[in-house]
file protein-v4.cif (mmCIF, C-alpha atoms)
data_entry
loop_
_atom_site.label_atom_id
_atom_site.label_comp_id
_atom_site.auth_asym_id
_atom_site.auth_seq_id
_atom_site.Cartn_x
_atom_site.Cartn_y
_atom_site.Cartn_z
CA MET Q 1 -33.88 -1.61 36.98
CA THR Q 2 -34.40 0.99 34.27
CA ASP Q 3 -32.03 0.79 31.31
CA LEU Q 4 -31.01 4.33 30.37
CA LEU Q 5 -28.56 3.23 27.66
CA TYR Q 6 -29.46 4.06 24.07
CA SER Q 7 -31.06 1.25 22.11
CA GLU Q 8 -29.97 0.31 18.59
CA GLU Q 9 -33.08 2.02 17.21
CA GLU Q 10 -32.28 5.20 19.13
CA GLU Q 11 -28.70 5.23 17.83
CA ALA Q 12 -29.98 4.72 14.27
CA LEU Q 13 -32.40 7.61 14.77
CA ARG Q 14 -29.53 9.77 16.07
CA ALA Q 15 -27.39 9.00 13.03
CA ALA Q 16 -30.23 9.84 10.63
CA VAL Q 17 -31.03 13.15 12.36
CA ARG Q 18 -27.35 14.11 12.55
CA ASP Q 19 -26.90 13.43 8.83
CA LEU Q 20 -29.92 15.56 8.01
CA LEU Q 21 -28.76 18.44 10.21
CA THR Q 22 -25.24 18.25 8.74
CA ASP Q 23 -26.83 18.97 5.36
CA HIS Q 24 -29.33 21.58 6.52
CA CYS Q 25 -27.94 23.30 9.63
CA ASP Q 26 -24.26 24.06 9.18
CA ALA Q 27 -22.99 26.80 11.49
CA PRO Q 28 -22.39 29.51 8.85
CA GLY Q 29 -25.93 28.95 7.55
CA VAL Q 30 -27.46 29.28 11.03
CA ILE Q 31 -25.48 32.48 11.69
CA THR Q 32 -26.62 33.92 8.35
CA ARG Q 33 -30.22 33.11 9.24
CA THR Q 34 -29.98 34.94 12.56
CA GLU Q 35 -28.95 38.06 10.65
CA SER Q 36 -31.76 37.77 8.11
CA GLY Q 37 -34.75 38.55 10.31
CA THR Q 38 -36.23 35.11 9.54
CA PRO Q 39 -34.13 32.81 11.74
CA HIS Q 40 -36.31 29.70 11.50
CA ASP Q 41 -35.10 27.10 9.03
CA LEU Q 42 -38.40 25.87 7.64
CA ALA Q 43 -36.65 23.66 5.06
CA ALA Q 44 -34.93 21.75 7.87
CA TRP Q 45 -38.21 21.62 9.77
CA LYS Q 46 -40.00 20.17 6.73
CA ALA Q 47 -37.28 17.55 6.31
CA LEU Q 48 -37.51 16.57 10.00
CA ALA Q 49 -41.29 16.70 10.34
CA ASP Q 50 -42.53 15.66 6.92
CA GLY Q 51 -39.59 13.74 5.50
CA MET Q 52 -38.70 11.77 8.65
CA GLY Q 53 -42.03 11.96 10.52
CA LEU Q 54 -40.38 13.21 13.71
CA ALA Q 55 -43.02 15.81 14.63
CA GLY Q 56 -45.40 13.01 15.59
CA LEU Q 57 -43.13 10.91 17.79
CA LEU Q 58 -45.21 11.55 20.92
CA VAL Q 59 -48.57 11.08 19.20
CA PRO Q 60 -50.20 7.61 19.20
CA GLU Q 61 -50.51 5.94 15.80
CA ASP Q 62 -54.32 5.90 15.95
CA ARG Q 63 -54.24 9.70 16.23
CA GLY Q 64 -51.95 10.31 13.28
CA GLY Q 65 -48.53 10.04 14.92
CA GLN Q 66 -45.60 7.65 15.16
CA GLY Q 67 -46.48 6.15 18.53
CA ALA Q 68 -42.94 6.46 19.88
CA THR Q 69 -41.90 7.66 23.34
CA HIS Q 70 -40.15 10.56 25.00
CA ARG Q 71 -36.89 8.63 24.78
CA GLU Q 72 -36.89 8.90 20.99
CA ALA Q 73 -37.91 12.55 21.14
CA ALA Q 74 -35.01 13.12 23.55
CA VAL Q 75 -32.53 11.69 21.03
CA VAL Q 76 -33.86 14.09 18.38
CA LEU Q 77 -33.49 17.01 20.80
CA GLU Q 78 -29.92 16.04 21.63
CA GLU Q 79 -29.04 16.37 17.96
CA LEU Q 80 -30.99 19.61 17.59
CA GLY Q 81 -29.05 20.95 20.58
CA ARG Q 82 -25.75 19.93 18.99
CA ALA Q 83 -26.65 21.93 15.90
CA VAL Q 84 -28.50 24.79 17.69
CA ALA Q 85 -31.02 24.11 14.95
CA PRO Q 86 -33.52 26.98 14.49
CA VAL Q 87 -36.58 24.74 14.21
CA PRO Q 88 -39.72 24.72 16.41
CA TYR Q 89 -39.38 21.08 17.47
CA LEU Q 90 -39.47 21.56 21.24
CA THR Q 91 -42.26 24.14 21.11
CA SER Q 92 -44.50 22.38 18.57
CA ALA Q 93 -43.69 18.65 18.55
CA VAL Q 94 -43.29 18.47 22.34
CA VAL Q 95 -44.96 21.32 24.27
CA ALA Q 96 -47.95 22.13 22.02
CA THR Q 97 -48.44 18.44 21.23
CA GLU Q 98 -48.46 17.45 24.91
CA ALA Q 99 -51.03 20.16 25.64
CA LEU Q 100 -53.30 18.74 22.92
CA LEU Q 101 -52.80 15.19 24.20
CA ALA Q 102 -53.87 16.35 27.67
CA CYS Q 103 -57.03 17.92 26.25
CA ASP Q 104 -57.95 14.73 24.41
CA ALA Q 105 -59.70 16.97 21.89
CA GLU Q 106 -60.72 15.96 18.40
CA GLY Q 107 -57.76 14.54 16.52
CA GLY Q 108 -57.69 16.86 13.50
CA LEU Q 109 -55.39 19.51 14.96
CA LEU Q 110 -53.22 16.92 16.71
CA ALA Q 111 -52.77 15.03 13.44
CA GLU Q 112 -51.81 18.25 11.66
CA LEU Q 113 -49.11 18.95 14.25
CA ALA Q 114 -47.94 15.32 14.15
CA SER Q 115 -47.50 15.48 10.37
CA GLY Q 116 -45.70 18.82 10.51
CA ARG Q 117 -48.31 20.41 8.22
CA ARG Q 118 -48.96 22.97 10.95
CA ILE Q 119 -46.72 24.36 13.64
CA GLY Q 120 -48.24 24.85 17.07
CA ALA Q 121 -47.18 27.07 19.96
CA LEU Q 122 -48.48 27.11 23.51
CA ALA Q 123 -49.19 30.77 24.32
CA VAL Q 124 -47.49 30.67 27.72
CA ALA Q 125 -44.30 32.63 28.37
CA LEU Q 126 -41.14 30.57 27.84
CA ASN Q 127 -39.92 31.15 31.41
CA VAL Q 128 -42.96 29.65 33.19
CA VAL Q 129 -42.31 26.53 35.26
CA ALA Q 130 -44.80 23.64 35.33
CA GLY Q 131 -47.34 24.41 38.04
CA GLY Q 132 -46.39 28.08 38.05
CA ALA Q 133 -48.66 31.05 37.43
CA TYR Q 134 -49.12 32.12 33.83
CA LYS Q 135 -50.95 34.96 32.12
CA VAL Q 136 -54.37 34.37 30.54
CA VAL Q 137 -56.50 36.36 28.11
CA ARG Q 138 -60.11 37.50 28.50
CA HIS Q 139 -62.86 35.35 26.99
CA GLU Q 140 -65.94 37.34 26.12
CA ASP Q 141 -68.82 36.49 23.78
CA GLY Q 142 -66.86 33.72 22.10
CA ALA Q 143 -63.83 35.94 21.36
CA LEU Q 144 -60.45 36.34 23.04
CA HIS Q 145 -58.89 39.64 24.09
CA GLY Q 146 -55.49 40.33 25.62
CA GLU Q 147 -51.74 40.37 25.20
CA LEU Q 148 -49.25 37.59 25.97
CA THR Q 149 -45.47 38.08 26.00
CA GLY Q 150 -42.43 35.83 25.72
CA ILE Q 151 -44.09 33.25 23.45
CA ALA Q 152 -41.37 31.11 21.86
CA ASP Q 153 -41.56 30.39 18.11
CA ALA Q 154 -44.87 32.28 17.78
CA ALA Q 155 -43.50 33.86 14.60
CA VAL Q 156 -43.78 30.58 12.67
CA ALA Q 157 -46.76 29.03 14.44
CA GLY Q 158 -49.87 28.33 12.39
CA VAL Q 159 -52.01 27.78 15.48
CA LEU Q 160 -51.68 29.09 19.04
CA LEU Q 161 -53.00 27.29 22.10
CA VAL Q 162 -54.23 30.12 24.30
CA PRO Q 163 -55.31 29.86 27.97
CA ALA Q 164 -58.26 32.09 28.89
CA ASP Q 165 -59.73 33.46 32.12
CA ASP Q 166 -62.64 31.00 31.99
CA GLY Q 167 -60.18 28.12 32.58
CA GLY Q 168 -60.29 26.88 29.00
CA LEU Q 169 -57.54 26.32 26.47
CA TYR Q 170 -58.42 27.64 23.02
CA ALA Q 171 -57.01 26.97 19.56
CA VAL Q 172 -56.53 30.26 17.73
CA ASP Q 173 -55.35 30.54 14.12
CA ALA Q 174 -52.22 32.66 13.81
CA ASP Q 175 -53.94 34.73 11.11
CA ALA Q 176 -56.37 36.03 13.75
CA VAL Q 177 -53.70 37.50 16.05
CA THR Q 178 -50.88 40.03 15.83
CA VAL Q 179 -47.40 38.63 16.48
CA THR Q 180 -44.71 41.20 17.31
CA PRO Q 181 -41.09 40.03 17.68
CA GLN Q 182 -39.37 40.79 20.99
CA ALA Q 183 -35.66 41.31 21.55
CA SER Q 184 -34.33 37.82 22.23
CA LEU Q 185 -30.92 36.76 23.50
CA ASP Q 186 -31.24 33.41 21.72
CA LEU Q 187 -31.51 34.32 18.06
CA THR Q 188 -32.30 30.71 17.10
CA ARG Q 189 -35.43 30.48 19.28
CA PRO Q 190 -36.98 33.94 19.13
CA VAL Q 191 -39.83 35.03 21.38
CA ALA Q 192 -42.70 37.33 20.51
CA THR Q 193 -45.68 39.22 21.88
CA VAL Q 194 -49.07 37.86 20.81
CA THR Q 195 -51.96 40.34 20.77
CA LEU Q 196 -55.54 39.08 20.56
CA ASP Q 197 -58.18 41.66 19.68
CA GLY Q 198 -61.43 39.75 19.47
CA ALA Q 199 -59.79 36.64 18.00
CA PRO Q 200 -62.10 33.63 17.59
CA GLY Q 201 -61.00 30.53 19.49
CA ARG Q 202 -62.05 26.89 19.53
CA LEU Q 203 -62.28 25.36 23.00
CA LEU Q 204 -59.98 22.35 23.39
CA GLY Q 205 -60.31 21.56 27.09
CA ASP Q 206 -59.17 22.65 30.54
CA ALA Q 207 -56.09 24.84 30.41
CA GLU Q 208 -54.50 24.12 33.80
CA PRO Q 209 -53.79 20.37 33.45
CA ALA Q 210 -52.84 20.80 29.78
CA VAL Q 211 -50.38 23.61 30.49
CA ARG Q 212 -48.89 21.74 33.45
CA ARG Q 213 -48.36 18.57 31.39
CA ALA Q 214 -46.94 20.51 28.44
CA LEU Q 215 -44.47 22.54 30.50
CA ARG Q 216 -43.36 19.48 32.46
CA ALA Q 217 -42.58 17.60 29.25
CA GLY Q 218 -40.89 20.68 27.84
CA ALA Q 219 -38.64 20.99 30.89
CA GLY Q 220 -37.83 17.29 30.95
CA LEU Q 221 -36.86 17.09 27.28
CA LEU Q 222 -35.11 20.47 27.33
CA ALA Q 223 -32.44 18.67 29.39
CA SER Q 224 -31.66 16.54 26.31
CA GLU Q 225 -31.24 19.67 24.19
CA GLN Q 226 -28.91 21.05 26.88
CA LEU Q 227 -26.99 17.76 26.81
CA GLY Q 228 -26.47 17.96 23.05
CA LEU Q 229 -25.36 21.56 23.35
CA ALA Q 230 -22.91 20.75 26.16
CA GLU Q 231 -21.48 17.75 24.29
CA TRP Q 232 -20.85 19.80 21.15
CA THR Q 233 -19.11 22.61 23.04
CA LEU Q 234 -16.92 20.15 24.97
CA THR Q 235 -16.00 18.13 21.86
CA GLU Q 236 -15.20 21.23 19.80
CA THR Q 237 -13.13 22.74 22.61
CA VAL Q 238 -11.06 19.56 23.02
CA ARG Q 239 -10.51 19.41 19.26
CA TYR Q 240 -9.44 23.05 19.11
CA LEU Q 241 -7.04 22.74 22.05
CA LYS Q 242 -5.34 19.75 20.42
CA GLU Q 243 -4.67 21.78 17.27
CA ARG Q 244 -3.89 25.20 18.77
CA LYS Q 245 -0.18 25.54 19.60
CA GLN Q 246 1.51 27.86 22.05
CA PHE Q 247 5.22 27.80 22.91
CA ASN Q 248 5.48 25.13 20.21
CA ARG Q 249 3.21 22.66 21.96
CA PRO Q 250 -0.56 21.96 21.85
CA VAL Q 251 -2.46 24.18 24.26
CA GLY Q 252 -4.46 21.13 25.37
CA GLY Q 253 -1.29 19.68 26.87
CA PHE Q 254 -1.21 22.29 29.67
CA GLN Q 255 -2.27 20.70 32.94
CA ALA Q 256 -4.52 23.53 34.08
CA LEU Q 257 -6.61 23.18 30.92
CA LYS Q 258 -6.69 19.40 31.24
CA HIS Q 259 -8.21 19.79 34.70
CA ARG Q 260 -10.88 22.19 33.43
CA LEU Q 261 -11.81 19.84 30.59
CA ALA Q 262 -11.87 16.80 32.88
CA GLN Q 263 -14.24 18.60 35.25
CA LEU Q 264 -16.45 19.60 32.35
CA TRP Q 265 -16.48 16.03 31.02
CA LEU Q 266 -17.70 14.75 34.39
CA GLU Q 267 -20.48 17.34 34.43
CA VAL Q 268 -21.60 16.42 30.91
CA VAL Q 269 -21.63 12.67 31.72
CA ASN Q 270 -23.78 13.37 34.78
CA LEU Q 271 -26.07 15.56 32.69
CA ARG Q 272 -26.53 12.68 30.25
CA ALA Q 273 -27.69 10.44 33.09
CA ALA Q 274 -30.11 13.07 34.40
CA ALA Q 275 -31.50 13.86 30.94
CA ARG Q 276 -31.95 10.20 30.02
CA ASN Q 277 -33.66 9.55 33.35
CA ALA Q 278 -36.09 12.43 32.74
CA ALA Q 279 -36.90 11.19 29.23
CA ASP Q 280 -37.43 7.64 30.52
CA ALA Q 281 -39.63 8.84 33.38
CA LEU Q 282 -41.78 10.85 30.96
CA SER Q 283 -42.18 7.79 28.75
CA THR Q 284 -43.15 5.45 31.63
CA GLY Q 285 -45.00 7.94 33.82
CA GLU Q 286 -43.04 6.92 36.94
CA ASP Q 287 -41.58 9.55 39.31
CA VAL Q 288 -41.86 12.14 36.55
CA ASP Q 289 -41.89 15.25 38.75
CA VAL Q 290 -38.72 14.23 40.59
CA ALA Q 291 -36.85 13.19 37.43
CA VAL Q 292 -37.72 16.39 35.54
CA ALA Q 293 -36.85 18.66 38.47
CA VAL Q 294 -33.49 16.93 38.98
CA ALA Q 295 -32.65 17.11 35.26
CA GLN Q 296 -33.40 20.82 35.00
CA ALA Q 297 -31.87 21.79 38.32
CA TYR Q 298 -28.62 20.12 37.20
CA GLY Q 299 -28.76 20.57 33.44
CA ALA Q 300 -29.14 24.32 33.05
CA PRO Q 301 -25.92 25.29 34.91
CA VAL Q 302 -23.91 22.56 33.14
CA ALA Q 303 -24.95 23.71 29.67
CA VAL Q 304 -24.08 27.31 30.52
CA HIS Q 305 -20.75 26.28 32.07
CA ALA Q 306 -19.83 24.19 29.01
CA ALA Q 307 -20.62 27.05 26.64
CA GLU Q 308 -18.74 29.58 28.79
CA GLU Q 309 -15.67 27.33 28.92
CA ALA Q 310 -15.83 26.86 25.15
CA LEU Q 311 -15.95 30.60 24.61
CA GLN Q 312 -13.00 31.25 26.94
CA LEU Q 313 -10.83 28.37 25.76
CA HIS Q 314 -11.32 29.26 22.11
CA ALA Q 315 -9.74 32.61 23.09
CA GLY Q 316 -9.80 35.30 20.40
CA ILE Q 317 -11.50 33.23 17.70
CA GLY Q 318 -14.31 32.38 20.12
CA MET Q 319 -15.13 36.07 20.52
CA THR Q 320 -15.85 36.55 16.81
CA TRP Q 321 -19.32 36.55 15.27
CA GLU Q 322 -18.17 34.10 12.58
CA HIS Q 323 -17.40 31.35 15.12
CA PRO Q 324 -20.63 29.59 16.20
CA VAL Q 325 -19.80 29.31 19.90
CA HIS Q 326 -21.79 32.48 20.64
CA LEU Q 327 -24.92 30.73 19.34
CA TYR Q 328 -24.39 27.94 21.88
CA LEU Q 329 -23.77 30.33 24.78
CA LYS Q 330 -26.91 32.33 23.97
CA ARG Q 331 -29.00 29.17 23.60
CA ALA Q 332 -27.60 27.81 26.89
CA LYS Q 333 -28.37 31.07 28.72
CA ALA Q 334 -31.88 31.25 27.28
CA ASP Q 335 -32.47 27.56 28.06
CA SER Q 336 -31.41 28.19 31.66
CA ILE Q 337 -34.63 30.17 32.24
CA ALA Q 338 -36.87 28.23 29.85
CA TYR Q 339 -39.65 26.24 31.55
CA GLY Q 340 -38.35 27.35 34.94
CA THR Q 341 -34.94 28.26 36.33
CA ALA Q 342 -32.69 25.78 38.11
CA GLY Q 343 -33.71 27.45 41.38
CA ALA Q 344 -37.40 27.02 40.60
CA HIS Q 345 -36.83 23.33 39.90
CA ARG Q 346 -34.86 22.90 43.13
CA GLU Q 347 -37.81 24.41 45.00
CA ALA Q 348 -40.22 22.11 43.16
CA LEU Q 349 -38.02 19.12 43.98
CA ALA Q 350 -37.88 20.05 47.66
CA GLU Q 351 -41.66 20.32 47.74
CA THR Q 352 -42.15 17.05 45.86
CA ILE Q 353 -39.96 15.02 48.21
CA ASP Q 354 -41.14 16.98 51.29
CA LEU Q 355 -37.72 18.47 52.03
CA PRO Q 356 -38.19 21.55 54.26
CA ALA Q 357 -36.44 24.76 53.23
CA PRO Q 358 -33.53 25.90 55.45
#

call {"tool": "encode", "arguments": {"input": "protein-v4.cif", "output": "structure tokens"}}
result
Amino acid sequence: MTDLLYSEEEEALRAAVRDLLTDHCDAPGVITRTESGTPHDLAAWKALADGMGLAGLLVPEDRGGQGATHREAAVVLEELGRAVAPVPYLTSAVVATEALLACDAEGGLLAELASGRRIGALAVALNVVAGGAYKVVRHEDGALHGELTGIADAAVAGVLLVPADDGGLYAVDADAVTVTPQASLDLTRPVATVTLDGAPGRLLGDAEPAVRRALRAGAGLLASEQLGLAEWTLTETVRYLKERKQFNRPVGGFQALKHRLAQLWLEVVNLRAAARNAADALSTGEDVDVAVAVAQAYGAPVAVHAAEEALQLHAGIGMTWEHPVHLYLKRAKADSIAYGTAGAHREALAETIDLPAP
């Protein structure tokens, strides 16, 4: 029987990450960053990746990493979700790293990502589901040509992992491409267009298995980010409703609101089970496709529901730019299409367990 409870080491890791994010990623600071045109908090990223060594959790020790598992990475992502931290952890330390691990290429680039010295980004649109079709660029005479859109965190990436029409995955230095920001609902995880005009690339391996593995891990661990986000919005809403008075009594005492919060609590508890199961499956390699599909099919709507309830139940203050709840709603909505929609994961689950469509 798999134990999905958090270990003492995982709880210690959570406490350390939460302390760091309390210092680096307070809500007013994150909001200010979203207005600045440079939303990524590279100081927080350096503290996480270099100071705590968290960028290399999924990388074996003999290849320059920490040799941990997806369970530890999931705990980190829960805390990053709670803080809507504008750092490229999911895109670099999980998705790009998993793509490199699948290629089994030379360890130099992998070690650089594991140490946090470089930030990597897989040049596949954020909305692509594992196993789904994705856009490739043209490979001609050793150079890459084409345009890719919807690439998350490309603005801060030092290296891009680019799939080409010859079936290969290529490492391309960010200096060799043009990155153009796109309008993004989630201001804390911006997307961009990447244009390659004869950019040199270094072949890493076959693109298809690497992209599939990377997107599957991204979807599975995204559920932990969604869990952290949902927990924060629920906790903050309960706290606010205990303090806010109407007709000389706490608003949280009204039965209709109690029912809404109780329903939300049940959804969040179930999301925790699904997210933990996905992280555990990724770490053991057992029933991964089923666990990831279940976590995403369930997790995306719960995170959005939790953020929507938080916005509504905070009433007027929740509608202001100064209150951070809008960051959580935007992240939840963007996450709901990242690495495949809930519908796409339901279809994948039906196919995996051979459940015929109605």

call {"tool": "closest_atom_pairs", "arguments": {"input": "protein-v4.cif", "of": "region 76-132 of chain Q", "to": "region 12-34 of chain Q", "cutoff": "7 Å", "atoms": "only C-alpha atoms", "output": "CSV"}}
result
residue,atom,partner,partner_atom,distance
Q:Val76,CA,Q:Arg14,CA,6.5
Q:Glu79,CA,Q:Arg18,CA,6.1
Q:Ala83,CA,Q:Cys25,CA,6.5
Q:Ala85,CA,Q:Cys25,CA,6.2

call {"tool": "write_last_selection", "arguments": {"input": "protein-v4.cif", "atoms": "C-alpha atoms", "output": "compact mmCIF listing (two decimals), in the coordinates of the input"}}
result
# COMPACT_ATOMS: atom_id res chain seq x y z
CA VAL Q 76 -33.86 14.09 18.38
CA GLU Q 79 -29.04 16.37 17.96
CA ALA Q 83 -26.65 21.93 15.90
CA ALA Q 85 -31.02 24.11 14.95

call {"tool": "residues_near_point", "arguments": {"input": "protein-v4.cif", "point": "(-59.6, 18.7, 18.9)", "cutoff": "10 Å", "atoms": "only C-alpha atoms", "output": "PyMOL selection string"}}
result
chain Q and resi 100-101+103-111+170-171+202-205

call {"tool": "closest_residue", "arguments": {"input": "protein-v4.cif", "among": "Q:Asp153, Q:Glu309, Q:Glu8, Q:Glu243", "to": "Ala93 (chain Q)", "atoms": "all atoms listed in the file"}}
result
Q:Asp153

call {"tool": "closest_residue", "arguments": {"input": "protein-v4.cif", "among": "Q:Glu98, Q:Asp206, Q:Glu78, Q:Glu225", "to": "Pro60 (chain Q)", "atoms": "only C-alpha atoms"}}
result
Q:Glu98

call {"tool": "residues_around", "arguments": {"input": "protein-v4.cif", "residues": "Ala275 (chain Q)", "least_positions_apart": "2", "cutoff": "8 Å", "atoms": "only C-alpha atoms", "output": "list in words"}}
result
Gly220, Leu221, Ala223, Ser224, Leu227, Leu271, Arg272, Ala273, Asn277, Ala278, Ala279, Ala295 and Gly299 of chain Q

call {"tool": "residues_around", "arguments": {"input": "protein-v4.cif", "residues": "region 268-270 of chain Q", "least_positions_apart": "6", "cutoff": "8 Å", "atoms": "only C-alpha atoms", "output": "list in words"}}
result
Leu227, Ala230, Glu231 and Val302 of chain Q

call {"tool": "resolve_selection", "arguments": {"input": "protein-v4.cif", "expression": "the PyMOL selection byres ((chain Q and resi 303) around 6)", "output": "PyMOL selection string"}}
result
chain Q and resi 226+230+300-302+304-306+332

call {"tool": "residues_near_point", "arguments": {"input": "protein-v4.cif", "point": "(-40.2, 41.4, 22.8)", "cutoff": "10 Å", "atoms": "only C-alpha atoms", "output": "PyMOL selection string"}}
result
chain Q and resi 149-151+179-184+190-194

call {"tool": "resolve_selection", "arguments": {"input": "protein-v4.cif", "expression": "the PyMOL selection byres ((chain Q and resi 135-144) around 12)", "output": "PDB file with C-alpha atoms, keeping the file's coordinate frame"}}
result
ATOM      1  CA  LEU Q 122     -48.480  27.110  23.510  1.00  0.00           C
ATOM      2  CA  ALA Q 123     -49.190  30.770  24.320  1.00  0.00           C
ATOM      3  CA  VAL Q 124     -47.490  30.670  27.720  1.00  0.00           C
ATOM      4  CA  ALA Q 125     -44.300  32.630  28.370  1.00  0.00           C
ATOM      5  CA  LEU Q 126     -41.140  30.570  27.840  1.00  0.00           C
ATOM      6  CA  ASN Q 127     -39.920  31.150  31.410  1.00  0.00           C
ATOM      7  CA  VAL Q 128     -42.960  29.650  33.190  1.00  0.00           C
ATOM      8  CA  GLY Q 132     -46.390  28.080  38.050  1.00  0.00           C
ATOM      9  CA  ALA Q 133     -48.660  31.050  37.430  1.00  0.00           C
ATOM     10  CA  TYR Q 134     -49.120  32.120  33.830  1.00  0.00           C
ATOM     11  CA  HIS Q 145     -58.890  39.640  24.090  1.00  0.00           C
ATOM     12  CA  GLY Q 146     -55.490  40.330  25.620  1.00  0.00           C
ATOM     13  CA  GLU Q 147     -51.740  40.370  25.200  1.00  0.00           C
ATOM     14  CA  LEU Q 148     -49.250  37.590  25.970  1.00  0.00           C
ATOM     15  CA  THR Q 149     -45.470  38.080  26.000  1.00  0.00           C
ATOM     16  CA  GLY Q 150     -42.430  35.830  25.720  1.00  0.00           C
ATOM     17  CA  ILE Q 151     -44.090  33.250  23.450  1.00  0.00           C
ATOM     18  CA  LEU Q 161     -53.000  27.290  22.100  1.00  0.00           C
ATOM     19  CA  VAL Q 162     -54.230  30.120  24.300  1.00  0.00           C
ATOM     20  CA  PRO Q 163     -55.310  29.860  27.970  1.00  0.00           C
ATOM     21  CA  ALA Q 164     -58.260  32.090  28.890  1.00  0.00           C
ATOM     22  CA  ASP Q 165     -59.730  33.460  32.120  1.00  0.00           C
ATOM     23  CA  ASP Q 166     -62.640  31.000  31.990  1.00  0.00           C
ATOM     24  CA  GLY Q 167     -60.180  28.120  32.580  1.00  0.00           C
ATOM     25  CA  GLY Q 168     -60.290  26.880  29.000  1.00  0.00           C
ATOM     26  CA  LEU Q 169     -57.540  26.320  26.470  1.00  0.00           C
ATOM     27  CA  TYR Q 170     -58.420  27.640  23.020  1.00  0.00           C
ATOM     28  CA  ALA Q 171     -57.010  26.970  19.560  1.00  0.00           C
ATOM     29  CA  VAL Q 172     -56.530  30.260  17.730  1.00  0.00           C
ATOM     30  CA  ASP Q 173     -55.350  30.540  14.120  1.00  0.00           C
ATOM     31  CA  ALA Q 176     -56.370  36.030  13.750  1.00  0.00           C
ATOM     32  CA  VAL Q 177     -53.700  37.500  16.050  1.00  0.00           C
ATOM     33  CA  VAL Q 194     -49.070  37.860  20.810  1.00  0.00           C
ATOM     34  CA  THR Q 195     -51.960  40.340  20.770  1.00  0.00           C
ATOM     35  CA  LEU Q 196     -55.540  39.080  20.560  1.00  0.00           C
ATOM     36  CA  ASP Q 197     -58.180  41.660  19.680  1.00  0.00           C
ATOM     37  CA  GLY Q 198     -61.430  39.750  19.470  1.00  0.00           C
ATOM     38  CA  ALA Q 199     -59.790  36.640  18.000  1.00  0.00           C
ATOM     39  CA  PRO Q 200     -62.100  33.630  17.590  1.00  0.00           C
ATOM     40  CA  GLY Q 201     -61.000  30.530  19.490  1.00  0.00           C
ATOM     41  CA  ARG Q 202     -62.050  26.890  19.530  1.00  0.00           C
ATOM     42  CA  LEU Q 203     -62.280  25.360  23.000  1.00  0.00           C
ATOM     43  CA  ALA Q 207     -56.090  24.840  30.410  1.00  0.00           C
ATOM     44  CA  GLU Q 208     -54.500  24.120  33.800  1.00  0.00           C
ATOM     45  CA  VAL Q 211     -50.380  23.610  30.490  1.00  0.00           C
TER      46      VAL Q 211
END
